[in-house]
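> Structure: model-v9.cif, mmCIF, C-alpha atoms.
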data_input
#
loop_
_atom_site.label_atom_id
_atom_site.label_comp_id
_atom_site.auth_asym_id
_atom_site.auth_seq_id
_atom_site.Cartn_x
_atom_site.Cartn_y
_atom_site.Cartn_z
CA MET A 43 -13.01 -3.86 -2.34
CA HIS A 44 -10.47 -1.58 -0.74
CA GLU A 45 -12.35 1.49 -1.98
CA MET A 46 -14.54 1.02 1.10
CA GLY A 47 -11.62 1.52 3.44
CA VAL A 48 -10.40 4.43 1.33
CA ALA A 49 -13.87 6.02 1.41
CA ILE A 50 -13.93 5.78 5.21
CA GLU A 51 -10.58 7.59 5.33
CA ILE A 52 -11.83 10.26 2.92
CA TYR A 53 -14.89 10.77 5.09
CA ARG A 54 -12.74 11.16 8.21
CA THR A 55 -10.49 13.62 6.39
CA CYS A 56 -13.48 15.70 5.27
CA ARG A 57 -15.06 15.75 8.71
CA GLU A 58 -11.72 16.73 10.21
CA ALA A 59 -11.48 19.57 7.70
CA VAL A 60 -14.80 21.12 8.75
CA ARG A 61 -14.29 20.65 12.45
CA GLY A 62 -14.60 24.05 14.09
CA HIS A 63 -17.13 25.19 11.51
CA GLY A 64 -20.07 24.30 13.76
CA PRO A 65 -22.79 21.74 13.13
CA GLY A 66 -23.81 21.13 9.55
CA ARG A 67 -23.54 18.74 6.66
CA LEU A 68 -21.17 18.04 3.81
CA GLU A 69 -22.71 18.95 0.48
CA ARG A 70 -19.90 18.21 -1.97
CA VAL A 71 -16.38 16.83 -1.85
CA ARG A 72 -13.79 17.21 -4.60
CA LEU A 73 -11.36 14.31 -4.77
CA ALA A 74 -8.31 13.91 -7.01
CA VAL A 75 -7.76 10.30 -8.11
CA GLY A 76 -4.62 9.38 -10.06
CA GLU A 77 -4.74 6.60 -12.60
CA LEU A 78 -1.91 4.81 -10.75
CA SER A 79 -3.54 5.15 -7.33
CA ALA A 80 -5.27 1.76 -7.61
CA VAL A 81 -8.61 3.42 -6.88
CA GLU A 82 -11.48 3.12 -9.34
CA PRO A 83 -13.61 6.27 -9.67
CA GLU A 84 -16.85 4.33 -10.08
CA LEU A 85 -16.17 2.06 -7.12
CA ILE A 86 -15.12 4.92 -4.88
CA GLY A 87 -18.44 6.56 -5.76
CA PHE A 88 -20.40 3.48 -4.63
CA ALA A 89 -18.27 3.20 -1.50
CA TRP A 90 -18.82 6.87 -0.72
CA GLU A 91 -22.59 6.37 -0.81
CA ALA A 92 -22.29 3.38 1.49
CA VAL A 93 -20.10 5.25 3.96
CA THR A 94 -22.26 8.38 4.14
CA VAL A 95 -25.68 6.72 4.18
CA ASP A 96 -27.52 7.20 7.50
CA THR A 97 -25.13 9.96 8.51
CA PRO A 98 -25.91 13.69 8.52
CA ASP A 99 -23.91 13.79 5.28
CA GLU A 100 -26.05 11.35 3.34
CA GLY A 101 -26.44 12.57 -0.23
CA CYS A 102 -23.13 14.43 -0.25
CA VAL A 103 -21.77 14.44 -3.80
CA LEU A 104 -18.29 13.07 -4.43
CA ASP A 105 -16.72 14.77 -7.45
CA VAL A 106 -13.78 12.77 -8.77
CA GLU A 107 -11.09 14.54 -10.76
CA TRP A 108 -9.21 11.94 -12.79
CA CYS A 109 -5.46 12.61 -12.91
CA PRO A 110 -3.56 10.82 -15.67
CA ALA A 111 0.12 9.97 -15.28
CA ARG A 112 2.60 11.68 -17.60
CA GLN A 113 5.64 9.82 -18.85
CA HIS A 114 8.79 10.90 -20.57
CA CYS A 115 11.75 9.10 -22.13
CA PRO A 116 15.10 10.56 -21.04
CA ALA A 117 16.90 8.87 -23.96
CA CYS A 118 14.57 9.80 -26.82
CA ALA A 119 13.85 13.09 -25.05
CA ALA A 120 10.23 12.67 -25.93
CA ALA A 121 7.04 12.41 -24.02
CA LYS A 122 5.66 8.98 -24.78
CA THR A 123 2.02 8.49 -25.30
CA ARG A 124 0.83 5.86 -22.94
CA SER A 125 -2.07 3.51 -23.21
CA GLU A 126 -4.62 4.23 -20.54
CA GLY A 127 -3.74 2.75 -17.18
CA SER A 128 -0.40 1.42 -18.41
CA TRP A 129 2.23 0.76 -15.79
CA LEU A 130 4.97 -0.27 -18.18
CA ARG A 131 8.14 1.66 -17.37
CA LEU A 132 10.30 0.97 -20.42
CA CYS A 133 10.30 3.14 -23.54
CA PRO A 134 8.58 1.21 -26.37
CA ASP A 135 11.07 2.72 -28.87
CA CYS A 136 14.47 2.53 -27.20
CA GLY A 137 13.92 0.46 -24.04
CA ALA A 138 15.15 3.16 -21.64
CA VAL A 139 13.48 3.53 -18.27
CA LEU A 140 10.71 6.11 -18.53
CA THR A 141 10.19 8.79 -15.94
CA VAL A 142 6.61 8.94 -14.74
CA GLU A 143 5.13 12.02 -13.14
CA GLY A 144 1.83 12.24 -11.35
CA GLY A 145 -0.93 9.69 -11.48
CA ASP A 146 -0.57 8.62 -7.86
CA GLU A 147 -2.89 11.29 -6.48
CA LEU A 148 -5.50 10.41 -3.90
CA ASP A 149 -6.21 13.79 -2.40
CA VAL A 150 -9.20 15.51 -0.86
CA LEU A 151 -9.09 18.91 -2.59
CA GLU A 152 -12.10 20.79 -1.35
CA VAL A 153 -15.15 20.35 0.84
CA THR A 154 -18.41 22.27 0.52
CA PHE A 155 -20.10 22.47 3.91
CA ILE A 156 -23.57 23.72 4.82
CA THR A 157 -23.71 25.01 8.37
CA ASP A 158 -26.94 24.77 10.30
CA GLU A 159 -26.79 28.31 11.58
CA GLU A 160 -28.71 30.94 9.68
CA VAL A 161 -26.46 33.88 9.04
CA PRO A 162 -28.25 37.21 8.71
CA ALA A 163 -27.69 39.04 5.45
CA GLY A 164 -24.73 41.37 5.50
CA THR A 165 -22.66 39.42 7.99
CA HIS A 166 -21.03 37.08 5.50
CA GLY A 167 -17.32 37.11 4.96
CA GLN A 168 -16.38 37.18 8.64
CA GLU A 169 -14.29 34.03 8.53
CA GLY A 170 -10.87 34.61 7.08
CA GLY A 171 -9.39 32.25 4.56
CA GLN A 172 -12.62 30.76 3.31
CA ARG A 173 -14.83 31.65 0.47
CA GLU A 174 -18.44 31.92 1.46
CA MET A 175 -21.43 31.70 -0.73
CA PRO A 176 -25.01 32.44 0.19
CA MET B 185 -24.76 29.09 5.12
CA LYS B 186 -22.54 27.43 2.57
CA GLN B 187 -18.78 27.30 3.06
CA VAL B 188 -16.18 25.96 0.68
CA VAL B 189 -13.18 24.69 2.61
CA THR B 190 -9.95 24.06 0.74
CA VAL B 191 -8.41 20.87 2.10
CA ARG B 192 -5.63 19.57 -0.21
CA ARG B 193 -4.84 16.65 2.01
CA ARG B 194 -3.96 13.08 1.09
CA ALA B 195 -7.06 10.96 1.52
CA LEU B 196 -4.92 8.43 3.39
CA ALA B 197 -3.05 11.11 5.35
CA ALA B 198 -4.02 9.59 8.71
CA ASN B 199 -2.56 6.26 7.65
CA ASP B 200 0.53 7.88 6.14
CA GLU B 201 1.22 9.87 9.31
CA GLN B 202 0.96 6.73 11.43
CA ALA B 203 3.26 4.97 8.96
CA ASP B 204 5.84 7.76 9.32
CA VAL B 205 5.75 7.34 13.11
CA LEU B 206 6.30 3.61 12.67
CA ARG B 207 9.12 4.15 10.17
CA ARG B 208 11.01 6.40 12.61
CA ARG B 209 10.56 3.80 15.31
CA PHE B 210 11.82 1.00 13.05
CA ASP B 211 14.77 3.13 11.94
CA GLU B 212 15.74 3.90 15.53
CA ALA B 213 15.53 0.20 16.37
CA GLY B 214 17.60 -0.71 13.29
CA THR B 215 14.87 -3.14 12.27
CA LEU B 216 14.38 -4.05 8.63
CA VAL B 217 10.64 -4.20 7.99
CA VAL B 218 9.32 -6.20 5.07
CA ASN B 219 5.72 -5.90 3.85
CA LEU B 220 5.05 -9.25 2.20
CA ILE B 221 2.20 -9.17 -0.28
CA SER B 222 0.65 -11.82 -2.52
CA SER B 223 -2.63 -13.46 -3.37
CA PRO B 224 -4.00 -16.08 -0.95
CA GLY B 225 -2.28 -19.44 -1.11
CA SER B 226 0.88 -18.35 -2.91
CA GLY B 227 3.01 -19.56 -0.03
CA LYS B 228 3.86 -16.44 1.99
CA THR B 229 3.72 -18.21 5.34
CA THR B 230 5.65 -21.20 4.01
CA LEU B 231 8.34 -18.87 2.66
CA LEU B 232 8.53 -17.25 6.11
CA GLU B 233 8.79 -20.65 7.78
CA GLU B 234 11.77 -21.53 5.58
CA THR B 235 13.31 -18.12 6.26
CA VAL B 236 12.93 -18.62 10.00
CA ARG B 237 14.50 -22.07 9.82
CA ARG B 238 17.58 -20.60 8.17
CA LEU B 239 17.98 -17.25 9.90
CA SER B 240 16.49 -17.42 13.40
CA GLY B 241 19.66 -18.96 14.85
CA ASP B 242 21.70 -15.85 14.05
CA PHE B 243 19.09 -13.13 13.79
CA LYS B 244 16.13 -11.98 15.82
CA LEU B 245 13.04 -12.26 13.65
CA ALA B 246 9.45 -11.27 14.36
CA VAL B 247 6.25 -11.55 12.38
CA ILE B 248 2.94 -9.73 12.16
CA GLU B 249 0.33 -11.79 10.37
CA GLY B 250 -2.71 -10.22 8.73
CA ASP B 251 -5.73 -12.34 7.98
CA VAL B 252 -9.46 -11.97 7.81
CA ALA B 253 -9.92 -14.88 10.20
CA THR B 254 -8.04 -17.50 12.23
CA GLU B 255 -4.78 -17.52 14.18
CA ASN B 256 -3.39 -20.26 11.93
CA ASP B 257 -0.49 -18.37 10.39
CA ALA B 258 0.82 -16.80 13.61
CA GLY B 259 0.54 -20.24 15.19
CA ARG B 260 2.72 -21.78 12.48
CA LEU B 261 5.49 -19.25 13.10
CA ARG B 262 5.24 -19.40 16.88
CA ALA B 263 5.71 -23.14 16.57
CA LEU B 264 9.17 -22.33 15.18
CA GLY B 265 9.96 -20.17 18.21
CA VAL B 266 9.47 -16.79 16.55
CA PRO B 267 7.39 -14.05 18.17
CA ALA B 268 4.34 -13.66 15.96
CA HIS B 269 1.21 -11.62 16.37
CA GLN B 270 -1.97 -12.24 14.43
CA VAL B 271 -4.01 -9.21 13.33
CA LEU B 272 -7.57 -10.18 12.43
CA THR B 273 -9.04 -7.65 10.05
CA GLY B 274 -12.59 -8.91 10.33
CA GLY B 275 -13.25 -8.68 6.60
CA ALA B 276 -10.91 -5.90 5.55
CA CYS B 277 -8.69 -6.94 2.66
CA HIS B 278 -5.47 -5.23 3.79
CA LEU B 279 -3.52 -4.13 6.84
CA ASP B 280 -3.19 -0.46 7.70
CA ALA B 281 -0.58 1.38 9.75
CA ARG B 282 -2.82 1.65 12.81
CA GLN B 283 -3.15 -2.12 12.98
CA VAL B 284 0.62 -2.49 12.84
CA ALA B 285 1.00 0.09 15.62
CA GLY B 286 -1.64 -1.81 17.61
CA ALA B 287 0.24 -5.08 17.13
CA LEU B 288 3.44 -3.48 18.46
CA GLU B 289 1.50 -2.27 21.51
CA VAL B 290 0.19 -5.65 22.54
CA ALA B 291 2.95 -8.03 21.42
CA SER B 292 6.67 -8.08 22.22
CA LEU B 293 8.02 -8.00 18.68
CA LEU B 294 10.76 -5.39 18.95
CA PRO B 295 13.70 -5.22 19.14
CA ALA B 296 14.22 -7.40 16.09
CA ASP B 297 16.62 -7.54 13.17
CA ILE B 298 13.87 -8.23 10.68
CA LEU B 299 10.13 -7.75 11.18
CA PHE B 300 8.01 -9.43 8.53
CA ILE B 301 4.51 -8.12 8.00
CA GLU B 302 2.59 -10.76 6.12
CA ASN B 303 -0.28 -8.83 4.62
CA VAL B 304 -3.77 -10.16 3.96
CA GLY B 305 -3.73 -12.32 0.82
CA ASN B 306 -4.55 -9.81 -1.91
CA LEU B 307 -2.61 -8.32 -4.83
CA ILE B 308 -4.54 -5.06 -4.97
CA CYS B 309 -5.59 -3.40 -1.72
CA PRO B 310 -2.41 -3.75 0.40
CA THR B 311 -0.52 -1.86 -2.31
CA THR B 312 -2.20 1.40 -1.29
CA TYR B 313 -1.39 1.32 2.43
CA ASP B 314 2.00 2.36 3.76
CA LEU B 315 2.84 0.37 6.89
CA GLY B 316 6.12 2.12 7.63
CA GLU B 317 8.00 -0.71 5.92
CA ASP B 318 11.42 -0.50 4.27
CA CYS B 319 10.25 -2.47 1.29
CA LYS B 320 7.32 -4.24 -0.24
CA ILE B 321 7.99 -7.73 -1.49
CA VAL B 322 5.56 -9.57 -3.74
CA ALA B 323 5.27 -13.34 -3.97
CA LEU B 324 3.71 -15.14 -6.93
CA SER B 325 3.32 -18.91 -7.15
CA VAL B 326 3.71 -20.62 -10.50
CA ALA B 327 0.23 -22.13 -10.10
CA GLU B 328 -1.36 -18.69 -10.34
CA GLY B 329 -0.60 -18.16 -14.01
CA ASP B 330 2.07 -16.24 -15.87
CA ASP B 331 0.08 -13.12 -16.72
CA LYS B 332 -0.24 -11.82 -13.17
CA PRO B 333 2.42 -9.05 -13.20
CA VAL B 334 0.76 -7.17 -16.06
CA LYS B 335 -2.70 -7.87 -14.63
CA TYR B 336 -1.77 -6.55 -11.18
CA PRO B 337 0.85 -3.99 -12.17
CA ALA B 338 0.71 -1.75 -9.10
CA ILE B 339 2.24 -4.20 -6.68
CA PHE B 340 4.81 -5.53 -9.16
CA ALA B 341 5.84 -1.96 -10.01
CA ARG B 342 6.32 -1.10 -6.33
CA ALA B 343 7.81 -4.29 -4.91
CA GLU B 344 11.55 -4.22 -4.42
CA ILE B 345 11.75 -7.98 -4.85
CA ALA B 346 9.43 -10.31 -6.76
CA VAL B 347 9.66 -13.86 -5.40
CA ILE B 348 8.35 -16.67 -7.55
CA THR B 349 7.27 -19.55 -5.28
CA LYS B 350 6.51 -23.26 -5.78
CA SER B 351 9.01 -23.59 -8.65
CA ASP B 352 8.91 -27.37 -8.04
CA LEU B 353 5.49 -27.29 -9.74
CA LEU B 354 6.86 -25.82 -12.98
CA PRO B 355 6.84 -29.19 -14.82
CA HIS B 356 3.14 -29.56 -14.02
CA VAL B 357 1.72 -26.14 -14.85
CA ARG B 358 1.74 -23.79 -17.81
CA PHE B 359 3.93 -20.97 -16.58
CA ASP B 360 6.36 -19.10 -18.81
CA LEU B 361 9.00 -18.05 -16.30
CA GLU B 362 10.90 -15.89 -18.79
CA SER B 363 7.74 -14.04 -19.74
CA VAL B 364 7.08 -13.29 -16.07
CA ARG B 365 10.66 -12.15 -15.61
CA ARG B 366 10.26 -9.76 -18.56
CA GLN B 367 6.94 -8.43 -17.29
CA VAL B 368 8.41 -7.70 -13.88
CA ALA B 369 11.50 -6.06 -15.40
CA THR B 370 9.30 -3.85 -17.56
CA LEU B 371 7.15 -2.78 -14.63
CA ASN B 372 10.02 -2.29 -12.24
CA PRO B 373 13.40 -2.04 -13.99
CA SER B 374 15.32 -1.79 -10.69
CA GLY B 375 13.47 -4.66 -8.96
CA ARG B 376 14.99 -8.02 -8.04
CA PHE B 377 13.57 -11.30 -9.29
CA LEU B 378 13.96 -14.61 -7.47
CA VAL B 379 12.73 -18.14 -8.18
CA THR B 380 12.13 -20.28 -5.10
CA SER B 381 10.65 -23.51 -3.87
CA ALA B 382 10.10 -24.27 -0.21
CA ALA B 383 9.68 -27.93 -1.17
CA THR B 384 13.10 -28.35 -2.85
CA GLY B 385 14.90 -25.43 -1.22
CA GLU B 386 15.62 -23.80 -4.58
CA GLY B 387 16.41 -20.12 -4.19
CA ILE B 388 15.77 -19.98 -0.45
CA ASP B 389 19.41 -19.29 0.42
CA ALA B 390 19.50 -16.55 -2.22
CA TRP B 391 16.31 -15.11 -0.76
CA CYS B 392 17.79 -15.07 2.73
CA ALA B 393 20.99 -13.49 1.38
CA LEU B 394 18.96 -10.74 -0.28
CA LEU B 395 17.18 -10.03 3.00
CA LEU B 396 20.43 -9.87 4.94
CA GLY B 397 21.96 -7.64 2.27
CA ARG B 398 18.99 -5.33 2.63
CA LEU B 399 19.34 -5.36 6.43
CA ASN B 400 23.05 -4.47 6.16
CA ALA B 401 22.31 -1.74 3.63
CA LYS B 402 19.72 -0.25 5.94
CA ARG B 403 22.01 -0.31 8.96
CA SER B 404 25.06 1.06 7.17
CA GLY B 405 22.87 3.67 5.51
CA THR B 406 21.46 4.63 8.87
CA SER B 407 24.87 5.00 10.49
CA ALA B 408 26.24 6.87 7.46
CA ALA B 409 23.37 9.31 7.72
CA GLY B 410 24.18 9.71 11.42
CA SER B 411 20.63 9.27 12.55
#
Take the structure in the file and give it back as structure tokens.

Amino acid sequence: MHEMGVAIEIYRTCREAVRGHGPGRLERVRLAVGELSAVEPELIGFAWEAVTVDTPDEGCVLDVEWCPARQHCPACAAAKTRSEGSWLRLCPDCGAVLTVEGGDELDVLEVTFITDEEVPAGTHGQEGGQREMP
Amino acid sequence: MKQVVTVRRRALAANDEQADVLRRRFDEAGTLVVNLISSPGSGKTTLLEETVRRLSGDFKLAVIEGDVATENDAGRLRALGVPAHQVLTGGACHLDARQVAGALEVASLLPADILFIENVGNLICPTTYDLGEDCKIVALSVAEGDDKPVKYPAIFARAEIAVITKSDLLPHVRFDLESVRRQVATLNPSGRFLVTSAATGEGIDAWCALLLGRLNAKRSGTSAAGS
């Protein structure tokens, strides 16, 4: 179950991303998972729960965005429909080697972080580069 | 207060960065690094033993062994006079770049012409982790069944060479070699396909020649690039 090791890395990446934002907890993480990344969305969800349990971030939601691979035949000049999860690289019509784009994503896209500090009304928006929501 | 932080970072970025550091180090040393991947019991260590018997007279070889438990595999290669370091993963089903860096810290493996990293026996998890290698090589024994490439496509699509092992067992098992060859060619049209047996010696010289060809290509490529 290598999703466990992947989940640990995702957790480290998220914690690294909010370092410098003060104490607080992760509320939500958006993760892009490509269909050729060898990571199963359901399993990564279970692993995420196991990794975050008994941490300040327990209960943090992991949102998985599934990223299909796109393939194209340079000989037929056509995008080939692909059966889900297929790794076959030869065009079913002419046998040419297909080009495959995307599908290997395994990226932390966005982290929603709740800081412990209470910020008085009217002082929001002080930190450049980040969207803040009440 | 709620903050939304845009990250856009590879989930395995820490591993990938360590792998890049390793790759630069291997390139500077002119060492060909092979990440050998297969299911347990397909004969990775035996293939390495045969490789060592043929090449260690003329080339400096080194091995990093990954296993959940025991020093058995490193012991087998040390018995042949090759520096070998055993990484025990304690349950993890793959090696990561930090473990390879750790092995290089504690064991005298470099300089070497070829460093073999025998990954933990597993056709799935090791595929995801870059170890700074020049190439992944997958081994499949004929006893495992002839549908494995399409069942475990990721590693067969990414491996530069697919090595069929234990070909001496072909008369005793149901294994359609041509079907496997077609599956591998469909998953990885530019990949190489080799049939070997450590017991009879079939294909072992060709395997060694492929490795040395890869080593020469790396070194001439490196000098041509001037780095």
> Please report as a Markdown table every residue of chain B lying within 9 Å of chain A, along with the nearest atom pair and their distance in Å (one decimal), using all atoms listed in the file.

| residue | atom | partner | partner_atom | distance |
| --- | --- | --- | --- | --- |
| B:Met185 | CA | A:Thr157 | CA | 5.3 |
| B:Lys186 | CA | A:Ile156 | CA | 4.5 |
| B:Gln187 | CA | A:Glu174 | CA | 4.9 |
| B:Val188 | CA | A:Thr154 | CA | 4.3 |
| B:Val189 | CA | A:Val153 | CA | 5.1 |
| B:Thr190 | CA | A:Glu152 | CA | 4.4 |
| B:Val191 | CA | A:Glu152 | CA | 5.1 |
| B:Arg192 | CA | A:Leu151 | CA | 4.3 |
| B:Arg193 | CA | A:Val150 | CA | 5.3 |
| B:Arg194 | CA | A:Asp149 | CA | 4.2 |
| B:Ala195 | CA | A:Asp149 | CA | 4.9 |
| B:Leu196 | CA | A:Glu51 | CA | 6.0 |
| B:Ala197 | CA | A:Thr55 | CA | 7.9 |
| B:Ala198 | CA | A:Glu51 | CA | 7.6 |
| B:Asn199 | CA | A:Glu51 | CA | 8.5 |
| B:Ala276 | CA | A:His44 | CA | 7.6 |
| B:Cys277 | CA | A:His44 | CA | 6.6 |
| B:His278 | CA | A:His44 | CA | 7.7 |
| B:Ile308 | CA | A:Ala80 | CA | 7.3 |
| B:Cys309 | CA | A:His44 | CA | 5.3 |
| B:Pro310 | CA | A:His44 | CA | 8.4 |
| B:Thr311 | CA | A:Ala80 | CA | 8.0 |
| B:Thr312 | CA | A:Ala80 | CA | 7.0 |
| B:Val334 | CA | A:Trp129 | CA | 8.1 |
| B:Pro337 | CA | A:Trp129 | CA | 6.1 |
| B:Ala338 | CA | A:Ala80 | CA | 7.1 |
| B:Ala341 | CA | A:Trp129 | CA | 7.3 |
| B:Gln367 | CA | A:Leu130 | CA | 8.4 |
| B:Ala369 | CA | A:Arg131 | CA | 8.6 |
| B:Thr370 | CA | A:Arg131 | CA | 5.6 |
| B:Leu371 | CA | A:Leu130 | CA | 4.9 |
| B:Asn372 | CA | A:Arg131 | CA | 6.7 |
| B:Pro373 | CA | A:Val139 | CA | 7.0 |
> List the residues matched by the PyMOL selection byres ((chain A and resi 118) around 9) in the displayed structure as number ranges by chain, ordered by chain and then by residue number.
A: 114-117, 119-121, 133, 135-136, 138
> Using all atoms listed in the file, can you tell me which of B:Val284, B:Val347, B:Leu307, B:Ala253 comes closest to Leu231 in chain B?
B:Val347
> Mind pulling up the distance from CA of Glu344 in chain B to CA of Asp318 in chain B?
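Spanning CA of Asp318 in chain B to CA of Glu344 in chain B is a straight-line distance of 9.5 Å.
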> Just want the 10 Å neighbourhood of Ala281 in chain B, counted on all atoms listed in the file, with same-chain residues fewer than 6 positions away dropped. Output as an NGL selection string.
:B and (198-206 or 287 or 313-317)
> Exactly which residues make up the result of the PyMOL selection byres ((chain A and resi 142) around 6) on this file, given as a list in words?
Arg112, Gln113, Thr141 and Glu143 of chain A
> For the atom pair CA of Arg209 in chain B and CA of Ala263 in chain B, what is the interatomic distance in Å to one decimal place?
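Those two atoms sit 27.4 Å apart.
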> Quick one: pull the distance between CA of Asp331 in chain B and CA of Pro224 in chain B, Å, one decimal.
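According to the coordinates, CA of Asp331 in chain B and CA of Pro224 in chain B are separated by 16.6 Å.
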> In terms of the shortest atom-to-atom distance over all atoms listed in the file, which of B:Lys244, B:Lys332, B:Lys320, B:Arg262 is closest to Thr215 in chain B?
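Closest to Thr215 in chain B of all the choices is B:Lys244.
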> Using the chain letters and numbers from the file, give me the residues hit by the PyMOL selection byres ((chain B and resi 364) around 10), as a list in words.
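Applying the expression gives Leu324, Val326, Gly329, Asp330, Asp331, Lys332, Pro333, Val334, Ile348, Phe359, Asp360, Leu361, Glu362, Ser363, Arg365, Arg366, Gln367, Val368, Ala369, Thr370 and Phe377 of chain B.
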> With 8 Å as the threshold, what does the neighbourhood of (12.0, -16.5, -8.9) contain in terms of residues, counting all atoms listed in the file? Coordinates are those of the file; answer as a PyMOL selection string.
chain B and resi 346-349+351+377-380+387
> Please, could N, CA and C atoms be added to range 217-229 of chain B and the result written as a PDB file, in the coordinates of the input?

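Once written, rebuild32.pdb looks like this:
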ATOM      1  N   VAL B 217      12.051  -3.803   8.003  1.00  0.00           N
ATOM      2  CA  VAL B 217      10.640  -4.200   7.990  1.00  0.00           C
ATOM      3  C   VAL B 217      10.203  -4.490   6.559  1.00  0.00           C
ATOM      4  N   VAL B 218       9.694  -5.698   6.385  1.00  0.00           N
ATOM      5  CA  VAL B 218       9.320  -6.200   5.070  1.00  0.00           C
ATOM      6  C   VAL B 218       7.802  -6.379   5.027  1.00  0.00           C
ATOM      7  N   ASN B 219       7.163  -5.754   4.047  1.00  0.00           N
ATOM      8  CA  ASN B 219       5.720  -5.900   3.850  1.00  0.00           C
ATOM      9  C   ASN B 219       5.529  -6.926   2.741  1.00  0.00           C
ATOM     10  N   LEU B 220       5.138  -8.129   3.139  1.00  0.00           N
ATOM     11  CA  LEU B 220       5.050  -9.250   2.200  1.00  0.00           C
ATOM     12  C   LEU B 220       3.631  -9.381   1.669  1.00  0.00           C
ATOM     13  N   ILE B 221       3.519  -9.265   0.348  1.00  0.00           N
ATOM     14  CA  ILE B 221       2.200  -9.170  -0.280  1.00  0.00           C
ATOM     15  C   ILE B 221       2.082 -10.235  -1.374  1.00  0.00           C
ATOM     16  N   SER B 222       0.934 -10.884  -1.419  1.00  0.00           N
ATOM     17  CA  SER B 222       0.650 -11.820  -2.520  1.00  0.00           C
ATOM     18  C   SER B 222      -0.826 -12.185  -2.464  1.00  0.00           C
ATOM     19  N   SER B 223      -1.269 -12.947  -3.432  1.00  0.00           N
ATOM     20  CA  SER B 223      -2.630 -13.460  -3.370  1.00  0.00           C
ATOM     21  C   SER B 223      -2.691 -14.591  -2.340  1.00  0.00           C
ATOM     22  N   PRO B 224      -3.903 -14.990  -1.919  1.00  0.00           N
ATOM     23  CA  PRO B 224      -4.000 -16.080  -0.950  1.00  0.00           C
ATOM     24  C   PRO B 224      -3.425 -17.372  -1.521  1.00  0.00           C
ATOM     25  N   GLY B 225      -2.720 -18.101  -0.704  1.00  0.00           N
ATOM     26  CA  GLY B 225      -2.280 -19.440  -1.110  1.00  0.00           C
ATOM     27  C   GLY B 225      -1.026 -19.469  -1.959  1.00  0.00           C
ATOM     28  N   SER B 226      -0.335 -18.340  -2.082  1.00  0.00           N
ATOM     29  CA  SER B 226       0.880 -18.350  -2.910  1.00  0.00           C
ATOM     30  C   SER B 226       2.083 -18.850  -2.127  1.00  0.00           C
ATOM     31  N   GLY B 227       1.921 -18.995  -0.817  1.00  0.00           N
ATOM     32  CA  GLY B 227       3.010 -19.560  -0.030  1.00  0.00           C
ATOM     33  C   GLY B 227       3.800 -18.545   0.790  1.00  0.00           C
ATOM     34  N   LYS B 228       3.174 -17.447   1.175  1.00  0.00           N
ATOM     35  CA  LYS B 228       3.860 -16.440   1.990  1.00  0.00           C
ATOM     36  C   LYS B 228       4.316 -17.030   3.322  1.00  0.00           C
ATOM     37  N   THR B 229       3.396 -17.695   4.008  1.00  0.00           N
ATOM     38  CA  THR B 229       3.720 -18.210   5.340  1.00  0.00           C
ATOM     39  C   THR B 229       4.774 -19.311   5.236  1.00  0.00           C
TER      40      THR B 229
END
